[in-house]
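Below is the file entry-v1.cif, which contains mmCIF, C-alpha atoms, pLDDT in the B column; chains and numbers go by the auth columns.
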data_coords
loop_
_atom_site.group_PDB
_atom_site.id
_atom_site.type_symbol
_atom_site.label_atom_id
_atom_site.label_comp_id
_atom_site.label_asym_id
_atom_site.label_seq_id
_atom_site.Cartn_x
_atom_site.Cartn_y
_atom_site.Cartn_z
_atom_site.B_iso_or_equiv
_atom_site.auth_seq_id
_atom_site.auth_asym_id
ATOM 1 C CA MET A 1 -3.048 -14.851 3.484 88.00 54 A
ATOM 2 C CA GLU A 2 -1.635 -11.657 4.922 93.00 55 A
ATOM 3 C CA ALA A 3 1.671 -9.850 4.388 93.00 56 A
ATOM 4 C CA ILE A 4 3.298 -6.665 5.648 95.00 57 A
ATOM 5 C CA LEU A 5 5.024 -4.840 2.785 95.00 58 A
ATOM 6 C CA ASN A 6 7.185 -1.741 2.636 94.00 59 A
ATOM 7 C CA LYS A 7 6.283 0.912 0.073 93.00 60 A
ATOM 8 C CA ASP A 8 8.606 -0.485 -2.614 88.00 61 A
ATOM 9 C CA ASP A 9 7.323 -4.037 -2.195 90.00 62 A
ATOM 10 C CA TYR A 10 3.744 -2.744 -2.158 93.00 63 A
ATOM 11 C CA ARG A 11 4.348 -0.843 -5.411 89.00 64 A
ATOM 12 C CA GLU A 12 5.726 -4.007 -7.005 87.00 65 A
ATOM 13 C CA PHE A 13 2.780 -6.026 -5.659 90.00 66 A
ATOM 14 C CA THR A 14 0.258 -3.623 -7.211 91.00 67 A
ATOM 15 C CA GLN A 15 2.100 -3.656 -10.535 88.00 68 A
ATOM 16 C CA ARG A 16 2.102 -7.454 -10.555 88.00 69 A
ATOM 17 C CA VAL A 17 -1.602 -7.542 -9.631 91.00 70 A
ATOM 18 C CA ASP A 18 -2.322 -5.231 -12.571 90.00 71 A
ATOM 19 C CA ILE A 19 -0.391 -7.564 -14.880 89.00 72 A
ATOM 20 C CA ALA A 20 -2.212 -10.632 -13.544 90.00 73 A
ATOM 21 C CA VAL A 21 -5.604 -8.947 -13.968 92.00 74 A
ATOM 22 C CA SER A 22 -4.721 -7.943 -17.529 91.00 75 A
ATOM 23 C CA LYS A 23 -4.077 -11.650 -18.204 89.00 76 A
ATOM 24 C CA GLY A 24 -7.411 -12.696 -16.700 91.00 77 A
ATOM 25 C CA GLN A 25 -6.313 -13.699 -13.186 90.00 78 A
ATOM 26 C CA GLU A 26 -8.193 -11.828 -10.441 91.00 79 A
ATOM 27 C CA VAL A 27 -6.377 -11.103 -7.166 92.00 80 A
ATOM 28 C CA PRO A 28 -9.009 -9.890 -4.685 95.00 81 A
ATOM 29 C CA HIS A 29 -7.318 -8.153 -1.765 96.00 82 A
ATOM 30 C CA ILE A 30 -7.593 -5.355 0.768 97.00 83 A
ATOM 31 C CA VAL A 31 -4.866 -2.995 1.907 97.00 84 A
ATOM 32 C CA GLU A 32 -4.419 -1.270 5.243 97.00 85 A
ATOM 33 C CA MET A 33 -1.795 1.432 5.615 96.00 86 A
ATOM 34 C CA ILE A 34 0.058 0.760 8.864 95.00 87 A
ATOM 35 C CA SER A 35 2.507 3.656 8.578 92.00 88 A
ATOM 36 C CA GLY A 36 3.953 5.859 5.873 87.00 89 A
ATOM 37 C CA ASN A 37 6.166 2.976 4.774 92.00 90 A
ATOM 38 C CA GLN A 38 4.199 -0.153 5.709 96.00 91 A
ATOM 39 C CA PHE A 39 1.098 -1.757 4.242 97.00 92 A
ATOM 40 C CA ARG A 40 -0.847 -4.811 5.393 97.00 93 A
ATOM 41 C CA VAL A 41 -2.119 -6.706 2.344 95.00 94 A
ATOM 42 C CA THR A 42 -4.748 -9.391 2.885 95.00 95 A
ATOM 43 C CA LEU A 43 -5.776 -11.711 0.061 94.00 96 A
ATOM 44 C CA LEU A 44 -9.539 -12.240 0.145 95.00 97 A
ATOM 45 C CA ALA A 45 -9.582 -15.514 -1.768 92.00 98 A
ATOM 46 C CA LYS A 46 -7.295 -18.469 -2.147 90.00 99 A
ATOM 47 C CA VAL A 47 -4.881 -17.446 -4.869 84.00 100 A
ATOM 48 C CA ASP A 48 -2.407 -19.762 -6.583 86.00 101 A
ATOM 49 C CA LEU A 49 0.786 -17.827 -5.856 83.00 102 A
ATOM 50 C CA GLU A 50 2.865 -20.063 -8.115 86.00 103 A
ATOM 51 C CA LEU A 51 0.506 -19.287 -10.999 85.00 104 A
ATOM 52 C CA LEU A 52 0.801 -15.557 -10.262 83.00 105 A
ATOM 53 C CA ASP A 53 4.598 -15.825 -10.201 84.00 106 A
ATOM 54 C CA ASN A 54 4.518 -17.594 -13.576 86.00 107 A
ATOM 55 C CA ILE A 55 2.151 -15.018 -15.083 86.00 108 A
ATOM 56 C CA THR A 56 4.339 -12.101 -13.998 84.00 109 A
ATOM 57 C CA LYS A 57 7.835 -13.642 -14.013 81.00 110 A
ATOM 58 C CA ASP A 58 8.938 -12.152 -17.335 71.00 111 A
ATOM 59 C CA VAL A 59 7.787 -8.671 -16.443 66.00 112 A
ATOM 60 C CA LYS A 60 10.090 -6.433 -14.493 67.00 113 A
ATOM 61 C CA PRO A 61 7.987 -3.863 -12.649 58.00 114 A
ATOM 62 C CA GLN A 62 9.223 -0.362 -13.326 60.00 115 A
ATOM 63 C CA ARG A 63 10.693 1.354 -10.298 57.00 116 A
ATOM 64 C CA ILE A 64 9.562 4.945 -10.081 53.00 117 A
ATOM 65 C CA PHE A 65 12.279 5.836 -7.608 51.00 118 A
ATOM 66 C CA PRO A 66 15.718 4.251 -7.306 46.00 119 A
#

This entry written out as structure tokens:
Amino acid sequence: MEAILNKDDYREFTQRVDIAVSKGQEVPHIVEMISGNQFRVTLLAKVDLELLDNITKDVKPQRIFP
């Protein structure tokens, strides 16, 4: 699976990955910076996205910038 994220979405993605990993769910991925505001994220394994949503649904990632 591959997605193009802006910097805010990428920040939220990394925060959610950190939460998932802390709960025992690995999310192997690679990131390619396309531009200063765009990132291509490729998942390296089949990941149950519904499970990840459930693991991180109660956590609101902190926004560093408004």

One-decimal distance in Å that lies between CA of Ile57 (chain A) and CA of Arg93 (chain A) |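 Taking CA of Arg93 (chain A) as the start and CA of Ile57 (chain A) as the end point, the length is 4.5 Å.
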
Shortest contact to Leu105 (chain A), candidates A:Gln91, A:Leu58, A:Tyr63, A:Lys76, atoms counted all atoms listed in the file, goes to A:Lys76

* **Residues near Thr67 (chain A), cut-off 12 Å, only C-alpha atoms, skip fewer than 2 positions along chain, as a PyMOL selection string** => chain A and resi 58+60-65+69-74+80-84+92+94+109+114-116

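Going from CA of Met54 (chain A) to CA of Leu96 (chain A) covers 5.4 Å.
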
Expressed in Å, the length from CA of Asp101 (chain A) to CA of Glu85 (chain A) is 22.0 Å
